[in-house]
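Visitor: For reference, this is upload06.pdb, and it has PDB, C-alpha atoms and all ligand atoms.
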ATOM      1  CA  MET Z   1       0.000   0.000   0.000  1.00  0.00           C
ATOM      2  CA  VAL Z   2       1.437   3.412  -0.932  1.00  0.00           C
ATOM      3  CA  LEU Z   3       0.869   5.994   1.740  1.00  0.00           C
ATOM      4  CA  LEU Z   4       0.757   9.702   0.981  1.00  0.00           C
ATOM      5  CA  ASN Z   5       2.261  10.291   4.399  1.00  0.00           C
ATOM      6  CA  SER Z   6       4.958   7.625   4.277  1.00  0.00           C
ATOM      7  CA  LYS Z   7       6.982   8.833   7.261  1.00  0.00           C
ATOM      8  CA  PRO Z   8       6.469   6.696  10.377  1.00  0.00           C
ATOM      9  CA  PRO Z   9       4.326   8.398  13.008  1.00  0.00           C
ATOM     10  CA  ILE Z  10       6.003  10.068  15.960  1.00  0.00           C
ATOM     11  CA  VAL Z  11       5.540   8.418  19.353  1.00  0.00           C
ATOM     12  CA  ILE Z  12       3.643  10.753  21.682  1.00  0.00           C
ATOM     13  CA  ALA Z  13       3.649   9.637  25.317  1.00  0.00           C
ATOM     14  CA  HIS Z  14       0.198  10.306  26.765  1.00  0.00           C
ATOM     15  CA  ARG Z  15       0.489  12.008  30.177  1.00  0.00           C
ATOM     16  CA  GLY Z  16       4.017  10.549  30.055  1.00  0.00           C
ATOM     17  CA  ALA Z  17       4.094   6.746  29.962  1.00  0.00           C
ATOM     18  CA  ALA Z  18       0.758   6.762  31.792  1.00  0.00           C
ATOM     19  CA  GLY Z  19       0.130   3.050  31.361  1.00  0.00           C
ATOM     20  CA  GLU Z  20       3.173   2.168  33.437  1.00  0.00           C
ATOM     21  CA  ALA Z  21       3.813   5.125  35.756  1.00  0.00           C
ATOM     22  CA  PRO Z  22       1.640   7.704  37.534  1.00  0.00           C
ATOM     23  CA  GLU Z  23       0.305  10.026  34.829  1.00  0.00           C
ATOM     24  CA  ASN Z  24       1.644  13.571  34.406  1.00  0.00           C
ATOM     25  CA  THR Z  25       4.446  13.121  36.970  1.00  0.00           C
ATOM     26  CA  PRO Z  26       8.193  13.476  36.445  1.00  0.00           C
ATOM     27  CA  ALA Z  27       8.462   9.668  36.761  1.00  0.00           C
ATOM     28  CA  ALA Z  28       6.023   9.172  33.876  1.00  0.00           C
ATOM     29  CA  PHE Z  29       7.892  11.615  31.638  1.00  0.00           C
ATOM     30  CA  LYS Z  30      11.281  10.106  32.480  1.00  0.00           C
ATOM     31  CA  LEU Z  31      10.010   6.594  31.753  1.00  0.00           C
ATOM     32  CA  ALA Z  32       8.616   7.776  28.406  1.00  0.00           C
ATOM     33  CA  LEU Z  33      12.042   9.166  27.506  1.00  0.00           C
ATOM     34  CA  GLU Z  34      13.689   5.853  28.435  1.00  0.00           C
ATOM     35  CA  GLN Z  35      11.183   4.081  26.198  1.00  0.00           C
ATOM     36  CA  GLY Z  36      12.155   6.204  23.207  1.00  0.00           C
ATOM     37  CA  CYS Z  37       9.242   8.604  22.810  1.00  0.00           C
ATOM     38  CA  ASP Z  38       9.472  11.584  20.436  1.00  0.00           C
ATOM     39  CA  ALA Z  39       7.026  13.803  22.315  1.00  0.00           C
ATOM     40  CA  PHE Z  40       5.032  14.164  25.529  1.00  0.00           C
ATOM     41  CA  GLU Z  41       1.342  14.904  25.799  1.00  0.00           C
ATOM     42  CA  LEU Z  42       0.336  16.516  29.104  1.00  0.00           C
ATOM     43  CA  ASP Z  43      -2.600  18.372  30.647  1.00  0.00           C
ATOM     44  CA  VAL Z  44      -2.489  21.785  32.284  1.00  0.00           C
ATOM     45  CA  HIS Z  45      -4.511  23.816  34.754  1.00  0.00           C
ATOM     46  CA  LEU Z  46      -3.955  27.091  36.598  1.00  0.00           C
ATOM     47  CA  SER Z  47      -3.315  26.967  40.327  1.00  0.00           C
ATOM     48  CA  ASN Z  48      -5.011  29.409  42.668  1.00  0.00           C
ATOM     49  CA  ASP Z  49      -1.903  31.608  42.610  1.00  0.00           C
ATOM     50  CA  GLY Z  50      -1.595  31.592  38.827  1.00  0.00           C
ATOM     51  CA  GLN Z  51       1.006  28.886  38.166  1.00  0.00           C
ATOM     52  CA  ILE Z  52       0.558  26.460  35.282  1.00  0.00           C
ATOM     53  CA  VAL Z  53       0.504  22.951  36.742  1.00  0.00           C
ATOM     54  CA  VAL Z  54       0.452  19.556  35.063  1.00  0.00           C
ATOM     55  CA  ILE Z  55      -2.511  17.408  36.067  1.00  0.00           C
ATOM     56  CA  HIS Z  56      -5.405  15.902  34.133  1.00  0.00           C
ATOM     57  CA  ASP Z  57      -8.469  16.243  36.334  1.00  0.00           C
ATOM     58  CA  TYR Z  58     -10.064  19.444  37.631  1.00  0.00           C
ATOM     59  CA  ALA Z  59      -9.765  18.000  41.139  1.00  0.00           C
ATOM     60  CA  VAL Z  60      -6.761  16.376  42.797  1.00  0.00           C
ATOM     61  CA  ASP Z  61      -8.700  13.505  44.355  1.00  0.00           C
ATOM     62  CA  ARG Z  62      -8.163  10.713  41.794  1.00  0.00           C
ATOM     63  CA  THR Z  63      -4.408  11.078  41.288  1.00  0.00           C
ATOM     64  CA  THR Z  64      -3.151  12.370  44.647  1.00  0.00           C
ATOM     65  CA  ASP Z  65      -3.685  11.858  48.363  1.00  0.00           C
ATOM     66  CA  GLY Z  66      -5.407  15.263  48.599  1.00  0.00           C
ATOM     67  CA  HIS Z  67      -8.881  16.651  48.021  1.00  0.00           C
ATOM     68  CA  GLY Z  68     -10.363  19.590  46.184  1.00  0.00           C
ATOM     69  CA  ASP Z  69     -10.202  21.607  43.009  1.00  0.00           C
ATOM     70  CA  VAL Z  70      -6.848  22.408  41.432  1.00  0.00           C
ATOM     71  CA  SER Z  71      -7.975  26.010  40.866  1.00  0.00           C
ATOM     72  CA  LEU Z  72      -8.608  26.497  44.601  1.00  0.00           C
ATOM     73  CA  LEU Z  73      -5.167  25.299  45.727  1.00  0.00           C
ATOM     74  CA  THR Z  74      -1.864  27.182  45.556  1.00  0.00           C
ATOM     75  CA  VAL Z  75       1.105  25.703  43.788  1.00  0.00           C
ATOM     76  CA  ASP Z  76       2.736  24.978  47.175  1.00  0.00           C
ATOM     77  CA  GLU Z  77      -0.362  23.169  48.385  1.00  0.00           C
ATOM     78  CA  LEU Z  78      -0.540  21.173  45.151  1.00  0.00           C
ATOM     79  CA  GLN Z  79       3.112  20.221  45.233  1.00  0.00           C
ATOM     80  CA  ARG Z  80       2.910  18.939  48.812  1.00  0.00           C
ATOM     81  CA  LEU Z  81       0.504  16.208  47.659  1.00  0.00           C
ATOM     82  CA  ASP Z  82       1.680  12.715  46.835  1.00  0.00           C
ATOM     83  CA  ALA Z  83       0.894  12.046  43.152  1.00  0.00           C
ATOM     84  CA  GLY Z  84       2.480   8.596  42.907  1.00  0.00           C
ATOM     85  CA  LYS Z  85       1.296   6.163  45.512  1.00  0.00           C
ATOM     86  CA  TRP Z  86      -2.288   5.917  44.159  1.00  0.00           C
ATOM     87  CA  PHE Z  87      -0.697   4.233  41.129  1.00  0.00           C
ATOM     88  CA  HIS Z  88       1.728   1.963  42.984  1.00  0.00           C
ATOM     89  CA  PRO Z  89       3.462   2.212  46.386  1.00  0.00           C
ATOM     90  CA  SER Z  90       6.853   2.233  44.639  1.00  0.00           C
ATOM     91  CA  TYR Z  91       5.973   5.671  43.223  1.00  0.00           C
ATOM     92  CA  GLN Z  92       5.352   7.260  46.627  1.00  0.00           C
ATOM     93  CA  GLY Z  93       6.943  10.727  46.696  1.00  0.00           C
ATOM     94  CA  GLU Z  94       6.032  11.735  43.127  1.00  0.00           C
ATOM     95  CA  HIS Z  95       4.459  15.174  42.883  1.00  0.00           C
ATOM     96  CA  ILE Z  96       2.388  17.367  40.575  1.00  0.00           C
ATOM     97  CA  PRO Z  97       4.947  19.238  38.462  1.00  0.00           C
ATOM     98  CA  THR Z  98       4.662  22.776  37.207  1.00  0.00           C
ATOM     99  CA  LEU Z  99       4.841  23.100  33.441  1.00  0.00           C
ATOM    100  CA  GLU Z 100       8.132  24.934  33.876  1.00  0.00           C
ATOM    101  CA  GLU Z 101       9.541  21.924  35.722  1.00  0.00           C
ATOM    102  CA  VAL Z 102       8.534  19.613  32.874  1.00  0.00           C
ATOM    103  CA  PHE Z 103      10.241  21.935  30.386  1.00  0.00           C
ATOM    104  CA  ASP Z 104      13.385  21.693  32.495  1.00  0.00           C
ATOM    105  CA  LEU Z 105      13.435  17.892  32.419  1.00  0.00           C
ATOM    106  CA  THR Z 106      12.617  17.692  28.699  1.00  0.00           C
ATOM    107  CA  PRO Z 107      15.527  17.401  26.239  1.00  0.00           C
ATOM    108  CA  PRO Z 108      15.331  20.023  23.477  1.00  0.00           C
ATOM    109  CA  HIS Z 109      14.597  17.486  20.725  1.00  0.00           C
ATOM    110  CA  ILE Z 110      11.466  16.209  22.513  1.00  0.00           C
ATOM    111  CA  GLU Z 111       8.280  17.980  21.488  1.00  0.00           C
ATOM    112  CA  ILE Z 112       5.505  18.701  23.951  1.00  0.00           C
ATOM    113  CA  ASN Z 113       1.778  18.621  23.280  1.00  0.00           C
ATOM    114  CA  ILE Z 114       0.249  20.810  25.970  1.00  0.00           C
ATOM    115  CA  GLU Z 115      -3.462  20.246  26.423  1.00  0.00           C
ATOM    116  CA  ILE Z 116      -5.268  23.122  28.100  1.00  0.00           C
ATOM    117  CA  LYS Z 117      -7.863  21.725  30.487  1.00  0.00           C
ATOM    118  CA  GLY Z 118      -8.451  24.312  33.222  1.00  0.00           C
ATOM    119  CA  GLY Z 119      -7.850  28.018  33.713  1.00  0.00           C
ATOM    120  CA  ILE Z 120      -9.854  29.071  30.670  1.00  0.00           C
ATOM    121  CA  GLY Z 121     -11.354  32.458  31.478  1.00  0.00           C
ATOM    122  CA  SER Z 122      -8.714  32.950  34.181  1.00  0.00           C
ATOM    123  CA  GLY Z 123      -5.893  33.928  31.862  1.00  0.00           C
ATOM    124  CA  ILE Z 124      -4.134  30.617  31.248  1.00  0.00           C
ATOM    125  CA  GLU Z 125      -3.570  31.486  27.569  1.00  0.00           C
ATOM    126  CA  GLU Z 126      -1.607  34.666  28.377  1.00  0.00           C
ATOM    127  CA  ARG Z 127       0.381  32.892  31.107  1.00  0.00           C
ATOM    128  CA  LEU Z 128       1.204  30.033  28.779  1.00  0.00           C
ATOM    129  CA  ALA Z 129       2.336  32.291  25.921  1.00  0.00           C
ATOM    130  CA  GLU Z 130       4.531  34.205  28.374  1.00  0.00           C
ATOM    131  CA  LEU Z 131       6.097  31.025  29.835  1.00  0.00           C
ATOM    132  CA  LEU Z 132       6.769  29.610  26.368  1.00  0.00           C
ATOM    133  CA  ARG Z 133       8.579  32.806  25.409  1.00  0.00           C
ATOM    134  CA  GLN Z 134      10.602  32.773  28.653  1.00  0.00           C
ATOM    135  CA  LYS Z 135      11.617  29.135  28.166  1.00  0.00           C
ATOM    136  CA  ASN Z 136      12.249  29.506  24.430  1.00  0.00           C
ATOM    137  CA  ARG Z 137       9.686  26.790  23.750  1.00  0.00           C
ATOM    138  CA  THR Z 138       7.229  28.616  21.480  1.00  0.00           C
ATOM    139  CA  GLY Z 139       8.446  26.732  18.409  1.00  0.00           C
ATOM    140  CA  SER Z 140       8.639  23.242  19.901  1.00  0.00           C
ATOM    141  CA  VAL Z 141       5.225  22.733  21.421  1.00  0.00           C
ATOM    142  CA  VAL Z 142       1.748  22.076  20.090  1.00  0.00           C
ATOM    143  CA  VAL Z 143      -1.060  23.457  22.241  1.00  0.00           C
ATOM    144  CA  SER Z 144      -4.326  21.562  21.993  1.00  0.00           C
ATOM    145  CA  SER Z 145      -7.681  21.719  23.700  1.00  0.00           C
ATOM    146  CA  PHE Z 146     -11.275  20.595  23.447  1.00  0.00           C
ATOM    147  CA  HIS Z 147     -12.026  24.271  24.180  1.00  0.00           C
ATOM    148  CA  PHE Z 148     -11.724  25.944  20.798  1.00  0.00           C
ATOM    149  CA  ASN Z 149     -12.348  29.403  22.280  1.00  0.00           C
ATOM    150  CA  SER Z 150      -9.128  29.006  24.232  1.00  0.00           C
ATOM    151  CA  LEU Z 151      -7.244  27.997  21.061  1.00  0.00           C
ATOM    152  CA  ALA Z 152      -8.671  30.954  19.144  1.00  0.00           C
ATOM    153  CA  ALA Z 153      -7.412  33.227  21.928  1.00  0.00           C
ATOM    154  CA  LEU Z 154      -3.945  31.686  21.607  1.00  0.00           C
ATOM    155  CA  ASN Z 155      -4.004  32.275  17.840  1.00  0.00           C
ATOM    156  CA  ARG Z 156      -4.474  35.973  18.622  1.00  0.00           C
ATOM    157  CA  ILE Z 157      -1.965  36.170  21.495  1.00  0.00           C
ATOM    158  CA  GLU Z 158       0.856  34.225  19.835  1.00  0.00           C
ATOM    159  CA  PRO Z 159       0.293  33.674  16.091  1.00  0.00           C
ATOM    160  CA  ALA Z 160       3.549  31.680  15.802  1.00  0.00           C
ATOM    161  CA  LEU Z 161       2.315  29.015  18.200  1.00  0.00           C
ATOM    162  CA  ARG Z 162       1.294  25.653  16.711  1.00  0.00           C
ATOM    163  CA  ILE Z 163      -2.297  24.830  17.591  1.00  0.00           C
ATOM    164  CA  GLY Z 164      -3.958  21.399  17.641  1.00  0.00           C
ATOM    165  CA  LEU Z 165      -7.713  20.902  17.512  1.00  0.00           C
ATOM    166  CA  LEU Z 166      -8.772  18.200  19.951  1.00  0.00           C
ATOM    167  CA  TYR Z 167     -12.146  16.550  19.399  1.00  0.00           C
ATOM    168  CA  GLU Z 168     -14.285  13.451  19.488  1.00  0.00           C
ATOM    169  CA  LEU Z 169     -16.516  13.962  16.458  1.00  0.00           C
ATOM    170  CA  TRP Z 170     -17.549  11.917  13.453  1.00  0.00           C
ATOM    171  CA  LEU Z 171     -16.523  14.066  10.490  1.00  0.00           C
ATOM    172  CA  LYS Z 172     -16.592  13.403   6.759  1.00  0.00           C
ATOM    173  CA  ASP Z 173     -13.646  15.672   6.077  1.00  0.00           C
ATOM    174  CA  HIS Z 174     -11.490  16.423   9.116  1.00  0.00           C
ATOM    175  CA  ALA Z 175      -9.468  18.993   7.195  1.00  0.00           C
ATOM    176  CA  LEU Z 176     -12.507  21.308   7.102  1.00  0.00           C
ATOM    177  CA  LEU Z 177     -12.543  21.670  10.887  1.00  0.00           C
ATOM    178  CA  PRO Z 178      -9.954  24.491  11.285  1.00  0.00           C
ATOM    179  CA  LYS Z 179     -11.869  26.738   8.887  1.00  0.00           C
ATOM    180  CA  ALA Z 180     -15.198  25.881  10.495  1.00  0.00           C
ATOM    181  CA  ALA Z 181     -13.735  26.698  13.924  1.00  0.00           C
ATOM    182  CA  GLY Z 182     -12.009  29.865  12.680  1.00  0.00           C
ATOM    183  CA  ILE Z 183      -8.648  28.630  13.955  1.00  0.00           C
ATOM    184  CA  GLU Z 184      -5.276  28.539  12.249  1.00  0.00           C
ATOM    185  CA  ALA Z 185      -4.343  24.948  13.121  1.00  0.00           C
ATOM    186  CA  PHE Z 186      -1.163  22.923  12.776  1.00  0.00           C
ATOM    187  CA  SER Z 187      -2.666  19.586  13.750  1.00  0.00           C
ATOM    188  CA  LEU Z 188      -5.859  17.606  14.238  1.00  0.00           C
ATOM    189  CA  HIS Z 189      -6.239  15.422  17.344  1.00  0.00           C
ATOM    190  CA  PRO Z 190      -9.264  13.170  16.766  1.00  0.00           C
ATOM    191  CA  SER Z 191     -10.222  10.230  18.924  1.00  0.00           C
ATOM    192  CA  PHE Z 192      -8.720   7.300  17.033  1.00  0.00           C
ATOM    193  CA  ARG Z 193     -12.126   5.608  17.108  1.00  0.00           C
ATOM    194  CA  ARG Z 194     -13.546   8.387  14.925  1.00  0.00           C
ATOM    195  CA  LEU Z 195     -10.924   8.188  12.189  1.00  0.00           C
ATOM    196  CA  GLU Z 196     -12.128   6.353   9.099  1.00  0.00           C
ATOM    197  CA  ALA Z 197     -10.160   4.928   6.160  1.00  0.00           C
ATOM    198  CA  GLY Z 198      -8.466   7.578   4.051  1.00  0.00           C
ATOM    199  CA  GLN Z 199      -9.269  10.480   6.371  1.00  0.00           C
ATOM    200  CA  ALA Z 200      -5.796  10.912   7.865  1.00  0.00           C
ATOM    201  CA  GLU Z 201      -4.177  10.943   4.447  1.00  0.00           C
ATOM    202  CA  ALA Z 202      -6.738  13.449   3.180  1.00  0.00           C
ATOM    203  CA  ALA Z 203      -5.951  15.769   6.105  1.00  0.00           C
ATOM    204  CA  ALA Z 204      -2.199  15.310   5.602  1.00  0.00           C
ATOM    205  CA  ALA Z 205      -2.654  16.275   1.961  1.00  0.00           C
ATOM    206  CA  GLN Z 206      -4.084  19.563   3.246  1.00  0.00           C
ATOM    207  CA  GLY Z 207      -0.908  20.137   5.281  1.00  0.00           C
ATOM    208  CA  LEU Z 208      -2.354  19.123   8.644  1.00  0.00           C
ATOM    209  CA  ALA Z 209      -0.608  16.774  11.059  1.00  0.00           C
ATOM    210  CA  VAL Z 210      -2.939  14.115  12.494  1.00  0.00           C
ATOM    211  CA  TYR Z 211      -2.365  12.911  16.061  1.00  0.00           C
ATOM    212  CA  PRO Z 212      -5.086  10.445  17.141  1.00  0.00           C
ATOM    213  CA  TRP Z 213      -5.575   9.494  20.813  1.00  0.00           C
ATOM    214  CA  THR Z 214      -5.382   7.324  22.909  1.00  0.00           C
ATOM    215  CA  VAL Z 215      -4.099   4.290  21.049  1.00  0.00           C
ATOM    216  CA  ASN Z 216      -2.969   1.508  23.392  1.00  0.00           C
ATOM    217  CA  ALA Z 217      -3.613  -1.886  21.761  1.00  0.00           C
ATOM    218  CA  GLU Z 218      -1.087  -3.104  19.202  1.00  0.00           C
ATOM    219  CA  ALA Z 219      -3.783  -3.834  16.637  1.00  0.00           C
ATOM    220  CA  ASP Z 220      -5.056  -0.258  16.889  1.00  0.00           C
ATOM    221  CA  MET Z 221      -1.511   1.112  16.664  1.00  0.00           C
ATOM    222  CA  THR Z 222      -0.986  -0.907  13.478  1.00  0.00           C
ATOM    223  CA  ALA Z 223      -4.245   0.398  12.010  1.00  0.00           C
ATOM    224  CA  MET Z 224      -3.216   3.996  12.741  1.00  0.00           C
ATOM    225  CA  ILE Z 225       0.259   3.494  11.233  1.00  0.00           C
ATOM    226  CA  GLU Z 226      -1.360   2.067   8.112  1.00  0.00           C
ATOM    227  CA  ALA Z 227      -3.816   4.959   8.017  1.00  0.00           C
ATOM    228  CA  GLY Z 228      -0.833   7.292   7.586  1.00  0.00           C
ATOM    229  CA  VAL Z 229      -1.204   9.375  10.754  1.00  0.00           C
ATOM    230  CA  SER Z 230       1.608  11.782  11.670  1.00  0.00           C
ATOM    231  CA  GLY Z 231       1.838  10.805  15.324  1.00  0.00           C
ATOM    232  CA  ILE Z 232       0.177   8.442  17.797  1.00  0.00           C
ATOM    233  CA  ILE Z 233      -0.759   9.432  21.337  1.00  0.00           C
ATOM    234  CA  THR Z 234      -0.391   6.401  23.599  1.00  0.00           C
ATOM    235  CA  ASP Z 235      -0.140   5.430  27.258  1.00  0.00           C
ATOM    236  CA  TYR Z 236       2.447   2.826  26.136  1.00  0.00           C
ATOM    237  CA  PRO Z 237       5.208   4.608  24.209  1.00  0.00           C
ATOM    238  CA  GLY Z 238       7.548   1.624  24.644  1.00  0.00           C
ATOM    239  CA  ARG Z 239       5.018  -0.704  23.017  1.00  0.00           C
ATOM    240  CA  LEU Z 240       4.606   1.648  20.056  1.00  0.00           C
ATOM    241  CA  ARG Z 241       8.361   2.181  19.680  1.00  0.00           C
ATOM    242  CA  ASN Z 242       8.907  -1.614  19.599  1.00  0.00           C
ATOM    243  CA  LEU Z 243       6.153  -2.045  17.056  1.00  0.00           C
ATOM    244  CA  LEU Z 244       7.632   0.635  14.792  1.00  0.00           C
ATOM    245  CA  GLU Z 245      11.065  -0.955  15.061  1.00  0.00           C
ATOM    246  CA  ARG Z 246       9.699  -4.356  14.031  1.00  0.00           C
ATOM    247  CA  ARG Z 247       8.153  -2.973  10.832  1.00  0.00           C
TER     248      ARG Z 247
HETATM  249  O1  LIG Q 301      -4.810  14.888  24.012  1.00  0.00           O
HETATM  250  C1  LIG Q 301      -5.447  13.677  23.804  1.00  0.00           C
HETATM  251  C2  LIG Q 301      -6.146  13.158  25.019  1.00  0.00           C
HETATM  252  O2  LIG Q 301      -5.308  13.322  26.120  1.00  0.00           O
HETATM  253  C3  LIG Q 301      -7.454  13.832  25.285  1.00  0.00           C
HETATM  254  O3  LIG Q 301      -8.194  13.235  26.315  1.00  0.00           O
HETATM  255  O4  LIG Q 301      -9.006  13.007  28.611  1.00  0.00           O
HETATM  256  O5  LIG Q 301      -6.902  11.923  27.985  1.00  0.00           O
HETATM  257  O6  LIG Q 301      -7.013  14.392  28.220  1.00  0.00           O
HETATM  258  P1  LIG Q 301      -7.748  13.140  27.837  1.00  0.00           P
HETATM  259 CA    CA Q 302      -4.852  15.048  27.613  1.00  0.00          CA
END
How does this structure look as structure tokens?
Ligand code: G3P
Ligand code: CA
Guide:
Amino acid sequence: MVLLNSKPPIVIAHRGAAGEAPENTPAAFKLALEQGCDAFELDVHLSNDGQIVVIHDYAVDRTTDGHGDVSLLTVDELQRLDAGKWFHPSYQGEHIPTLEEVFDLTPPHIEINIEIKGGIGSGIEERLAELLRQKNRTGSVVVSSFHFNSLAALNRIEPALRIGLLYELWLKDHALLPKAAGIEAFSLHPSFRRLEAGQAEAAAAQGLAVYPWTVNAEADMTAMIEAGVSGIITDYPGRLRNLLERR
């Protein structure tokens, strides 16, 4: 089969190597690096005192030993929580990192897909653009979100920033979405279950990268590789790297 997009997909470690380490912690990102990922995907919120912190849920309860909303806790309060032992006792002592801390542990050749979850309406877009400038990371991240209003704001604040549209929609032509949303997009991030034959290649032909999520089973990884996607978001970056090496 001849693929329009014949380059192998990049390996994007979802919340770090979230299948094998506590998601969105330094341990998960370090494991993903050891397993040969090309990029991290992570989720961000704004703490009560305006720091960008890396955690998936709006509340800390599921992934830490604390309680309450991320937006009501200060960065110090958040970082005192244990973010590892819920996953396995051997990870006791892991913490919620700030985004700045993740930048500092990320080698320059590793890309980062930052998904904005919380802080919309509280200025997270401005804070993020400012931090990216400070850390010289504007050109090596993709910022995605289910909240297209937040992405449109980022388009205005920092036109050079690469934006990814994140969605779980059945679409006939995915490449039409940026125009429909009024967003200058670099990439499309559909649920992999919504991607039908030929659609990734059609979007790639329009110059859009396609990064489906969250692809964990080998059979699904193979289907996405054969569909010609540009990158695969997975909780098991080691599994995907091995699969790509065997091909
Ligand atoms: O960015 C892809 C994926 O992470 C979106 O869903 O809930 O895992 O953040 P979720
Ligand atoms: Ca995410």
Visitor: Which residues of chain Z come within 8 Å of ligand CA 302 (chain Q), and what is each one's closest atom pair and distance in Å (one decimal), counting only C-alpha atoms and all ligand atoms, sorted by chain and residue number, as JSON lines?
Guide:
{"residue": "Z:His14", "atom": "CA", "partner": "Q:CA302", "partner_atom": "CA", "distance": 7.0}
{"residue": "Z:Arg15", "atom": "CA", "partner": "Q:CA302", "partner_atom": "CA", "distance": 6.7}
{"residue": "Z:Glu41", "atom": "CA", "partner": "Q:CA302", "partner_atom": "CA", "distance": 6.5}
{"residue": "Z:Leu42", "atom": "CA", "partner": "Q:CA302", "partner_atom": "CA", "distance": 5.6}
{"residue": "Z:Asp43", "atom": "CA", "partner": "Q:CA302", "partner_atom": "CA", "distance": 5.0}
{"residue": "Z:His56", "atom": "CA", "partner": "Q:CA302", "partner_atom": "CA", "distance": 6.6}
{"residue": "Z:Ile114", "atom": "CA", "partner": "Q:CA302", "partner_atom": "CA", "distance": 7.9}
{"residue": "Z:Glu115", "atom": "CA", "partner": "Q:CA302", "partner_atom": "CA", "distance": 5.5}
{"residue": "Z:Lys117", "atom": "CA", "partner": "Q:CA302", "partner_atom": "CA", "distance": 7.9}
Visitor: Atom CA of Z:Gly93 and atom CA of Z:Pro108 are how many Å apart?
Guide: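 Pair atom CA of Z:Gly93 / atom CA of Z:Pro108 returns 26.4 Å.
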Visitor: Translate the PyMOL selection byres (((chain Z and resi 13) around 9) and not hetatm), as applied to the file shown, into an explicit residue set as an NGL selection string.
Guide: :Z and (11-12 or 14-18 or 28-29 or 32-33 or 37-42 or 232-238)
Visitor: Produce a file of the selected residues containing C-alpha atoms, as an mmCIF file, in the coordinates of the input.
Guide:
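Below you can see out.cif, which holds the result:
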data_model
loop_
_atom_site.group_PDB
_atom_site.id
_atom_site.type_symbol
_atom_site.label_atom_id
_atom_site.label_comp_id
_atom_site.auth_asym_id
_atom_site.auth_seq_id
_atom_site.Cartn_x
_atom_site.Cartn_y
_atom_site.Cartn_z
ATOM 1 C CA VAL Z 11 5.540 8.418 19.353
ATOM 2 C CA ILE Z 12 3.643 10.753 21.682
ATOM 3 C CA HIS Z 14 0.198 10.306 26.765
ATOM 4 C CA ARG Z 15 0.489 12.008 30.177
ATOM 5 C CA GLY Z 16 4.017 10.549 30.055
ATOM 6 C CA ALA Z 17 4.094 6.746 29.962
ATOM 7 C CA ALA Z 18 0.758 6.762 31.792
ATOM 8 C CA ALA Z 28 6.023 9.172 33.876
ATOM 9 C CA PHE Z 29 7.892 11.615 31.638
ATOM 10 C CA ALA Z 32 8.616 7.776 28.406
ATOM 11 C CA LEU Z 33 12.042 9.166 27.506
ATOM 12 C CA CYS Z 37 9.242 8.604 22.810
ATOM 13 C CA ASP Z 38 9.472 11.584 20.436
ATOM 14 C CA ALA Z 39 7.026 13.803 22.315
ATOM 15 C CA PHE Z 40 5.032 14.164 25.529
ATOM 16 C CA GLU Z 41 1.342 14.904 25.799
ATOM 17 C CA LEU Z 42 0.336 16.516 29.104
ATOM 18 C CA ILE Z 232 0.177 8.442 17.797
ATOM 19 C CA ILE Z 233 -0.759 9.432 21.337
ATOM 20 C CA THR Z 234 -0.391 6.401 23.599
ATOM 21 C CA ASP Z 235 -0.140 5.430 27.258
ATOM 22 C CA TYR Z 236 2.447 2.826 26.136
ATOM 23 C CA PRO Z 237 5.208 4.608 24.209
ATOM 24 C CA GLY Z 238 7.548 1.624 24.644
#
Visitor: With 5 Å of padding per side, what axis-aligned box (centre and edge lengths, Å, one decimal) covers all the listed atoms of ligand LIG 301 (chain Q)? Give it as JSON.
Guide:
{"center_x": -6.9, "center_y": 13.4, "center_z": 26.2, "size_x": 14.2, "size_y": 13.0, "size_z": 14.8}
Visitor: Determine the nearest neighbour of ligand LIG 301 (chain Q) from the options Z:Gln51, Z:Thr222, Z:Thr64, Z:Ser144, counting all atoms listed in the file.
Guide: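 Once distances to ligand LIG 301 (chain Q) are computed over all atoms listed in the file, the minimum belongs to Z:Ser144.
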Visitor: May I ask which of the residues Z:Glu184, Z:Glu111, Z:Glu168, Z:Asp220 is the closest one to ligand LIG 301 (chain Q), counting only C-alpha atoms and all ligand atoms?
Guide: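 Distance minimum relative to ligand LIG 301 (chain Q) lands on Z:Glu168.
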Visitor: I'd like to know which of Z:Trp86, Z:Gly164, Z:Val141, Z:Pro8 is closest to Z:Arg247, using all atoms listed in the file.
Guide: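 Selected residue with least distance to Z:Arg247: Z:Pro8.
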Visitor: In Å, rounded to a single decimal, give me how far atom CA of Z:Leu78 is from atom CA of Z:Leu46.
Guide: 10.9 Å
Visitor: Skipping near chain neighbours, those fewer than 5 positions away, what residues fall within 7 Å of stretch 99-101 of chain Z using only C-alpha atoms, listed as a PDB file with C-alpha atoms, in the frame of the given file?
Guide:
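In the end it all went to out28.pdb:
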ATOM      1  CA  ILE Z  52       0.558  26.460  35.282  1.00  0.00           C
ATOM      2  CA  VAL Z  53       0.504  22.951  36.742  1.00  0.00           C
ATOM      3  CA  VAL Z  54       0.452  19.556  35.063  1.00  0.00           C
TER       4      VAL Z  54
END
Visitor: For each of Z:Ala59, Z:Ala153, Z:Ala197, Z:Ala181, take the minimum atom-to-atom distance to Z:Leu128, counting only C-alpha atoms, then give the residue where this is smallest.
Guide: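 Of all the options, Z:Ala153 lies closest to Z:Leu128.
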Visitor: Would you kindly return, as JSON, numbers by chain, each protein, DNA or RNA residue with an atom no farther than 8 Å from any atom of stretch 171-176 of chain Z, considering only C-alpha atoms and excluding same-chain residues fewer than 3 positions away?
Guide: {"Z": [179, 180, 188, 194, 199, 202, 203, 206, 208]}
Visitor: Tell me, in Å to one decimal, how far atom CA of Z:Val70 is from atom O2 of ligand LIG 301 (chain Q).
Guide: 17.9 Å
Visitor: For a quick check of understanding, using all atoms listed in the file, which of Z:Ser187, Z:Ser47, Z:Ser122, Z:Asn242 has the smallest distance to Z:Ala200?
Guide: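 Among the listed residues, the smallest separation from Z:Ala200 belongs to Z:Ser187.
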Visitor: Written as a list in words, which residues does the PyMOL selection byres (((chain Z and resi 149) around 10) and not hetatm) give for the file shown?
Guide: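 Selected by the PyMOL selection byres (((chain Z and resi 149) around 10) and not hetatm) here: Ile120, Gly121, Ser145, Phe146, His147, Phe148, Ser150, Leu151, Ala152, Ala153, Leu154, Asn155, Ala181, Gly182 and Ile183 of chain Z.
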